[in-house]
Structure formats: structure tokens, C-alpha cells
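K.L.:
Supplied structure: target.cif, mmCIF, C-alpha atoms.
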data_my_file
loop_
_atom_site.label_atom_id
_atom_site.label_comp_id
_atom_site.auth_asym_id
_atom_site.auth_seq_id
_atom_site.Cartn_x
_atom_site.Cartn_y
_atom_site.Cartn_z
CA MET A 28 0.00 0.00 0.00
CA ASN A 29 1.26 3.45 -0.86
CA PHE A 30 0.48 6.31 1.47
CA THR A 31 1.31 9.89 0.60
CA VAL A 32 1.13 12.71 3.13
CA HIS A 33 1.12 16.35 2.12
CA ASN A 34 2.19 18.61 4.96
CA TRP A 35 1.12 22.17 4.33
CA ASP A 36 1.50 25.13 6.66
CA LEU A 37 1.17 24.26 10.33
CA HIS A 38 0.72 27.13 12.77
CA VAL A 39 -0.43 26.55 16.34
CA GLY A 40 -1.12 29.46 18.67
CA ASN A 41 -1.13 28.17 22.20
CA ILE A 42 -0.76 24.75 23.86
CA GLU A 43 -1.65 24.38 27.50
CA VAL A 44 -1.19 21.00 29.19
CA THR A 45 -1.59 20.13 32.84
CA ALA A 46 0.45 16.95 32.83
CA VAL A 47 2.23 14.54 30.51
CA SER A 48 2.49 11.34 32.48
CA SER A 49 2.82 7.55 32.40
CA SER A 50 4.71 7.13 29.13
CA SER A 51 2.92 9.74 27.10
CA THR A 52 4.36 12.33 24.81
CA LEU A 53 3.90 15.88 23.61
CA LEU A 54 5.79 16.19 20.36
CA VAL A 55 6.26 19.23 18.18
CA GLY A 56 7.85 17.67 15.13
CA ASP A 57 7.71 14.72 12.81
CA ASN A 58 7.84 11.13 13.91
CA GLU A 59 8.16 7.71 12.30
CA ASN A 60 7.33 5.23 15.02
CA ILE A 61 5.76 5.50 18.49
CA ASN A 62 5.21 2.72 21.00
CA LEU A 63 3.89 3.77 24.41
CA SER A 64 2.91 1.33 27.13
CA SER A 65 1.84 1.82 30.70
CA PHE A 66 1.18 -0.83 33.36
CA PHE A 67 -0.83 0.22 36.35
CA ASP A 68 -1.67 -1.92 39.34
CA THR A 69 -3.89 -0.25 41.91
CA PRO A 70 -6.33 -1.36 44.59
CA PRO A 71 -8.37 -3.37 45.51
CA GLU A 72 -5.71 -6.10 45.60
CA SER A 73 -3.13 -3.50 46.53
CA TYR A 74 -4.93 -2.88 49.77
CA ILE A 75 -3.50 -4.42 52.88
CA VAL A 76 -5.81 -3.88 55.80
CA GLY A 77 -4.43 -4.59 59.22
CA SER A 78 -0.98 -5.88 59.96
CA LEU A 79 -0.44 -8.36 57.18
CA VAL A 80 3.19 -9.14 56.51
CA PRO A 81 5.46 -8.31 54.77
CA LEU A 82 4.71 -4.64 54.40
CA SER A 83 3.91 -3.35 57.86
CA ARG A 84 6.67 -2.05 60.05
CA SER A 85 6.58 -3.42 63.56
CA THR A 86 8.36 -0.37 65.04
CA GLU A 87 5.70 2.00 63.83
CA GLU A 88 2.69 0.26 65.37
CA GLY A 89 0.11 2.33 67.19
CA MET B 20 13.49 13.33 2.76
CA LEU B 21 13.93 16.94 3.76
CA GLN B 22 13.07 17.40 7.40
CA ARG B 23 10.85 20.05 8.84
CA THR B 24 12.05 22.38 11.56
CA SER B 25 9.96 23.23 14.61
CA TYR B 26 9.74 26.82 15.80
CA VAL B 27 8.36 27.55 19.25
CA ASP B 28 8.24 31.07 20.66
CA THR B 29 8.01 30.33 24.39
CA ILE B 30 7.92 27.20 26.53
CA TYR B 31 7.08 27.00 30.19
CA VAL B 32 7.59 23.74 32.08
CA ASP B 33 6.95 23.76 35.80
CA SER B 34 8.35 20.40 36.87
CA MET B 35 9.73 17.11 35.59
CA SER B 36 10.39 13.82 37.31
CA ARG B 37 10.91 10.06 36.97
CA SER B 38 12.49 9.21 33.64
CA SER B 39 10.87 12.14 31.91
CA MET B 40 12.52 14.13 29.21
CA PHE B 41 12.37 17.63 27.81
CA GLU B 42 14.33 17.74 24.61
CA ILE B 43 14.97 20.45 22.05
CA GLY B 44 16.43 19.04 18.87
CA ASP B 45 16.19 16.01 16.67
CA VAL B 46 16.45 12.53 18.14
CA ASN B 47 16.79 9.19 16.44
CA SER B 48 15.49 6.89 19.16
CA LEU B 49 14.27 7.25 22.71
CA ARG B 50 13.49 4.37 25.09
CA PRO B 51 12.57 5.69 28.55
CA ARG B 52 11.67 3.12 31.20
CA MET B 53 10.21 3.70 34.64
CA LEU B 54 9.39 1.24 37.43
CA ALA B 55 7.71 2.55 40.56
CA ILE B 56 6.28 1.08 43.74
CA ALA B 57 4.18 3.69 45.50
CA VAL B 58 3.55 2.76 49.11
CA GLN B 59 1.16 4.74 51.24
CA GLU B 60 0.97 3.76 54.86
CA GLU B 61 -1.73 5.15 57.07
CA GLY B 62 -0.43 7.26 59.90
CA ILE B 63 3.15 7.43 58.62
CA ALA B 64 4.16 10.92 57.67
CA GLU B 65 7.89 10.67 57.10
CA LYS B 66 9.71 8.61 54.52
CA GLY B 67 10.76 5.19 55.64
CA GLU B 68 12.27 1.99 54.39
CA VAL B 69 9.70 -0.37 52.93
CA PRO B 70 10.99 -3.89 52.29
CA VAL B 71 9.56 -4.50 48.85
CA GLU B 72 11.30 -5.56 45.67
CA PHE B 73 10.27 -5.19 42.08
CA ALA B 74 10.55 -8.97 41.77
CA ASP B 75 7.73 -9.40 44.29
CA PHE B 76 5.11 -8.16 41.85
CA PRO B 77 4.22 -9.62 38.48
CA VAL B 78 3.31 -6.21 37.06
CA PHE B 79 7.03 -5.49 36.67
CA SER B 80 7.86 -8.67 34.77
CA LYS B 81 4.78 -9.23 32.63
CA GLN B 82 5.39 -8.88 28.94
CA PRO B 83 2.92 -6.80 27.00
CA SER B 84 0.89 -8.78 24.52
CA PRO B 85 2.45 -8.30 21.12
CA LEU B 86 0.79 -5.91 18.73
CA PRO B 87 -0.63 -7.35 15.56
CA SER B 88 1.82 -6.96 12.75
CA ALA B 89 1.21 -3.80 10.79
CA PRO B 90 0.45 -4.05 7.11
CA LEU B 91 3.28 -3.04 4.88
CA VAL B 92 2.78 0.63 4.03
CA ARG B 93 5.07 2.65 1.85
CA LYS B 94 4.74 6.14 3.26
CA THR B 95 5.85 9.27 1.48
CA SER B 96 5.75 12.63 3.24
CA ILE B 97 5.87 15.76 1.16
CA HIS B 98 6.64 18.86 3.17
CA HIS B 99 5.36 21.87 1.29
CA HIS B 100 6.31 24.17 4.15
CA PRO B 101 9.57 23.52 6.02
CA LYS B 102 8.34 24.87 9.37
CA ILE B 103 6.09 23.78 12.22
CA CYS B 104 5.23 26.94 14.13
CA VAL B 105 3.88 27.02 17.69
CA GLY B 106 3.39 30.19 19.68
CA ASN B 107 3.35 29.22 23.32
CA ILE B 108 3.56 25.90 25.20
CA SER B 109 2.78 25.67 28.88
CA VAL B 110 3.12 22.38 30.75
CA LEU B 111 2.68 21.96 34.48
CA GLY B 112 4.30 18.55 34.84
CA ILE B 113 6.11 15.84 32.92
CA ALA B 114 6.49 12.52 34.70
CA ALA B 115 6.88 8.78 34.44
CA SER B 116 8.65 7.99 31.15
CA SER B 117 7.02 10.91 29.38
CA THR B 118 8.59 13.22 26.87
CA LEU B 119 8.15 16.76 25.67
CA GLN B 120 10.08 17.18 22.49
CA ILE B 121 10.57 20.08 20.12
CA GLY B 122 12.02 18.55 17.00
CA ASN B 123 11.87 15.39 15.01
CA LEU B 124 11.85 12.00 16.62
CA ASN B 125 12.35 8.82 14.67
CA LEU B 126 11.49 6.12 17.21
CA LEU B 127 9.86 6.49 20.60
CA ASP B 128 9.36 3.42 22.77
CA ALA B 129 8.30 4.36 26.29
CA GLU B 130 7.19 2.19 29.18
CA ALA B 131 5.94 2.96 32.69
CA ARG B 132 5.04 0.38 35.32
CA ILE B 133 3.47 1.52 38.55
CA LYS B 134 2.37 -0.56 41.52
CA HIS B 135 0.27 1.11 44.18
CA ILE B 136 0.14 -0.28 47.70
CA ARG B 137 -1.92 1.14 50.52
CA ILE B 138 -1.34 -0.12 54.02
CA LEU B 139 -4.24 0.72 56.28
CA ASN B 140 -4.68 0.32 59.99
CA GLU B 141 -7.24 -2.08 61.40
CA GLU B 142 -10.66 -1.74 59.87
CA GLN B 143 -12.74 0.93 61.45
CA ASN B 144 -16.34 0.53 62.61
CA SER B 145 -17.84 2.23 59.61
CA PRO B 146 -18.05 0.20 56.45
CA PRO B 147 -15.26 1.02 54.03
CA ASN B 148 -16.05 3.76 51.60
CA ASN B 149 -15.19 3.62 47.98
CA THR B 150 -11.56 2.61 48.07
CA MET B 151 -10.62 4.17 44.79
#
For the structure just supplied, provide its representation as C-alpha cells.

P.N.:
Amino acid sequence: MNFTVHNWDLHVGNIEVTAVSSSSTLLVGDNENINLSSFFDTPPESYIVGSLVPLSRSTEEG
Amino acid sequence: MLQRTSYVDTIYVDSMSRSSMFEIGDVNSLRPRMLAIAVQEEGIAEKGEVPVEFADFPVFSKQPSPLPSAPLVRKTSIHHHPKICVGNISVLGIAASSTLQIGNLNLLDAEARIKHIRILNEEQNSPPNNTM
């Protein structure tokens, strides 16, 4: 398959971004290849209620 | 192929952290990697040693499922105007294997793996609220 791109004038006034996070990108330019991956592991299985080992610190009890 | 040049008048970046990148210029390849274990322990205010290893959690070793192979495409870019013009860029934060780049980038392969752990005290009398 042949794919032809014509890039004409590109003028952008203002870009306002709060955050670029977890393998994302803000690119002003040309690019051939992008591969972004993000693995996120959050609760509920990340919750440890009570004093389950191995993560609680015995010196900090109370 | 003649490359385009990016022109930016002003850039404001407040903060950057954790394998993040702010680059002005052309780059051939970029492979940022970030592994993080975020531990929140109830009632602990100061930083402390937490005996956890990346090897303890499968999220850090799992391989992403492979992408389906892309069809063969012969791409031709014709740049009629050699400039990419941007007036103002304002970014509050760049974090976790992220990039802000002014310029051309051939290959970007970024990965971020984050494990969240919350350690709570004994269950209180009230039923737990939404834990998210």
C-alpha cells in the first residue's frame, strides 16, 4: 500500500497542558514510530488492611 | 526526505520527574523506562524503608501482549512548508517515562510500570467507603 502525506503550513497558537504522564508524549515535530505502554496496578488487591506481613513495620505500630 | 524544523516562541515547564525528558532538537530513538512502587501507609508521615522488591510483583515482569503486525505501508511525506510553528507551550508537569520534544523524533518506545500499595490500619467501625 502506498500512502502519501502532504504537509502544508502548520501554525499553532497556544498549547496548555496540565500533565504529561505515564509514558505519554507531547511532540512538536515529525515522527516515524511511536510505542507507548503503561502498566498500572492499583487497589483493591493492593490494599492491605491490618498488619499483614510483609509490608507493615513493627516499630511504627500504634 | 527533507526534514521540517519546529519553531516555538516560548515554553514554560513547571516540573519534571521520573524518567521524563524535555528535549529540544532532533532525536533518532528514545526508550525511557520507569518502574515505581508507591507505598502509602496510614499514619506514617515521614519517609521510611519499605521492604519491597520489584521482583515481588508480576506487574514489573509481565510482557505486553504483542501488537498485531502492521500491514506493509510505503509512506511518502511531502513537506510543502519547512516549518512547524507554535506560539506558546505551557506544561505543568512531565512525569513517568514521558517526553516533551521540540524537534523530530524517529522512534519512541516508552514504558511505565506503577504498583500502588496502601497499608491501612485495622478496619474501622464504619463500612469502608469507595476505596478508589

K.L.:
Taking the point (3.3, 5.5, 21.1) as given in the file, collect each protein or nucleic acid residue that comes within 7 Å of it, counting all atoms listed in the file, and present the set as a ChimeraX atom specification.

P.N.:
/A:61-63 /B:127-128

K.L.:
In terms of the shortest atom-to-atom distance over all atoms listed in the file, which of B:Gly112, B:Pro85, B:Gly62, B:Gly44 is closest to chain A?

P.N.:
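With all atoms listed in the file as the atom set, the closest residue is B:Gly112.
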
K.L.:
Work out how far apart CA of Asn58 in chain A and CA of Arg132 in chain B are and give it in Å to one decimal.

P.N.:
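Going from CA of Asn58 in chain A over to CA of Arg132 in chain B, I get 24.1 Å.
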
K.L.:
I want to know what sits within 9 Å of Val44 in chain A, based on only C-alpha atoms, with residues of the same chain fewer than 5 positions away left out; could you give that as a JSON list (two decimals) with C-alpha atoms, in the coordinates of the input?

P.N.:
[["chain", "number", "residue", "atom", "x", "y", "z"],
["B", 108, "ILE", "CA", 3.56, 25.90, 25.20],
["B", 109, "SER", "CA", 2.78, 25.67, 28.88],
["B", 110, "VAL", "CA", 3.12, 22.38, 30.75],
["B", 111, "LEU", "CA", 2.68, 21.96, 34.48],
["B", 112, "GLY", "CA", 4.30, 18.55, 34.84]]

K.L.:
Can you tell me how far CA of Ser49 in chain A sits from CA of Asp45 in chain B, in Å to one decimal?

P.N.:
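A separation of 22.3 Å between them.
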
K.L.:
Figure out the distance between CA of Tyr31 in chain B and CA of Met53 in chain B, please, to one decimal in Å.

P.N.:
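CA of Tyr31 in chain B lies 23.9 Å from CA of Met53 in chain B.
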
K.L.:
Kindly indicate which residue among B:Ser34, B:Gln59, B:Ser116, B:Asn47 lies nearest to chain A, using all atoms listed in the file for the distances.

P.N.:
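Residue with the minimum atom-to-atom distance to chain A: B:Ser116.
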
K.L.:
Since I can't run it myself right now, could you work out what the PyMOL selection byres ((chain A and resi 64) around 7) selects here and report it as a VMD selection string?

P.N.:
(chain A and resid 50 62 to 63 65 to 66) or (chain B and resid 129 to 131)

K.L.:
Nearest to Ile30 in chain B: which of A:Asp57, A:Ser51, A:Asn41, A:Trp35 is it, counting all atoms listed in the file?

P.N.:
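Among the listed residues, A:Asn41 lies closest to Ile30 in chain B.
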
K.L.:
Do you know which residues lie at most 10 Å from (7.8, 30.0, 8.4), with coordinates as in the file and all atoms listed in the file counted, and could you write them as JSON, numbers by chain?

P.N.:
{"A": [36, 37, 38], "B": [24, 25, 26, 100, 101, 102, 103, 104]}

K.L.:
Take the PyMOL selection byres ((chain B and resi 77) around 12), apply it to the structure above, and return the hits as number ranges by chain.

P.N.:
A: 66-68; B: 72-76, 78-83, 132-134

K.L.:
Print the selection's residues with C-alpha atoms to a file, as a CSV table (one decimal), in the coordinates of the input.

P.N.:
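Once written, again-v3.csv looks like this:
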chain,number,residue,atom,x,y,z
A,66,PHE,CA,1.2,-0.8,33.4
A,67,PHE,CA,-0.8,0.2,36.4
A,68,ASP,CA,-1.7,-1.9,39.3
B,72,GLU,CA,11.3,-5.6,45.7
B,73,PHE,CA,10.3,-5.2,42.1
B,74,ALA,CA,10.6,-9.0,41.8
B,75,ASP,CA,7.7,-9.4,44.3
B,76,PHE,CA,5.1,-8.2,41.8
B,78,VAL,CA,3.3,-6.2,37.1
B,79,PHE,CA,7.0,-5.5,36.7
B,80,SER,CA,7.9,-8.7,34.8
B,81,LYS,CA,4.8,-9.2,32.6
B,82,GLN,CA,5.4,-8.9,28.9
B,83,PRO,CA,2.9,-6.8,27.0
B,132,ARG,CA,5.0,0.4,35.3
B,133,ILE,CA,3.5,1.5,38.6
B,134,LYS,CA,2.4,-0.6,41.5

K.L.:
Please provide the set of residues having any atom within 9 Å of His33 in chain A, restricted to only C-alpha atoms, with same-chain residues fewer than 2 positions apart removed, written as a short mmCIF file (atom, residue, chain, number, x, y, z; two decimals) with C-alpha atoms, in the coordinates of the input.

P.N.:
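Once written, selection-v4.cif looks like this:
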data_model
loop_
_atom_site.label_atom_id
_atom_site.label_comp_id
_atom_site.auth_asym_id
_atom_site.auth_seq_id
_atom_site.Cartn_x
_atom_site.Cartn_y
_atom_site.Cartn_z
CA THR A 31 1.31 9.89 0.60
CA TRP A 35 1.12 22.17 4.33
CA THR B 95 5.85 9.27 1.48
CA SER B 96 5.75 12.63 3.24
CA ILE B 97 5.87 15.76 1.16
CA HIS B 98 6.64 18.86 3.17
CA HIS B 99 5.36 21.87 1.29
#

K.L.:
Pick the closest to Ile136 in chain B from A:Glu59, A:Leu54, A:Thr69, A:Asn34: which is it, counting only C-alpha atoms?

P.N.:
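Ranked by minimum distance to Ile136 in chain B, first place goes to A:Thr69.
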
K.L.:
Between A:Val55, A:Ile42, A:Val47, A:Asn60, which one has atoms that come closest to Ser38 in chain B, using only C-alpha atoms?

P.N.:
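Among the listed residues, the smallest separation from Ser38 in chain B belongs to A:Val47.
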
K.L.:
Out of B:Ala64, B:Pro70, B:Val46, B:Pro87, which residue has the shortest atom-to-atom distance to chain A when counting all atoms listed in the file?

P.N.:
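Selected residue with least distance to chain A: B:Pro70.
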
K.L.:
Just say which residues the PyMOL selection byres ((chain B and resi 28) around 7) picks in this file, as a short mmCIF file (atom, residue, chain, number, x, y, z; two decimals) with C-alpha atoms, in the coordinates of the input.

P.N.:
data_model
loop_
_atom_site.label_atom_id
_atom_site.label_comp_id
_atom_site.auth_asym_id
_atom_site.auth_seq_id
_atom_site.Cartn_x
_atom_site.Cartn_y
_atom_site.Cartn_z
CA TYR B 26 9.74 26.82 15.80
CA VAL B 27 8.36 27.55 19.25
CA THR B 29 8.01 30.33 24.39
CA VAL B 105 3.88 27.02 17.69
CA GLY B 106 3.39 30.19 19.68
CA ASN B 107 3.35 29.22 23.32
#
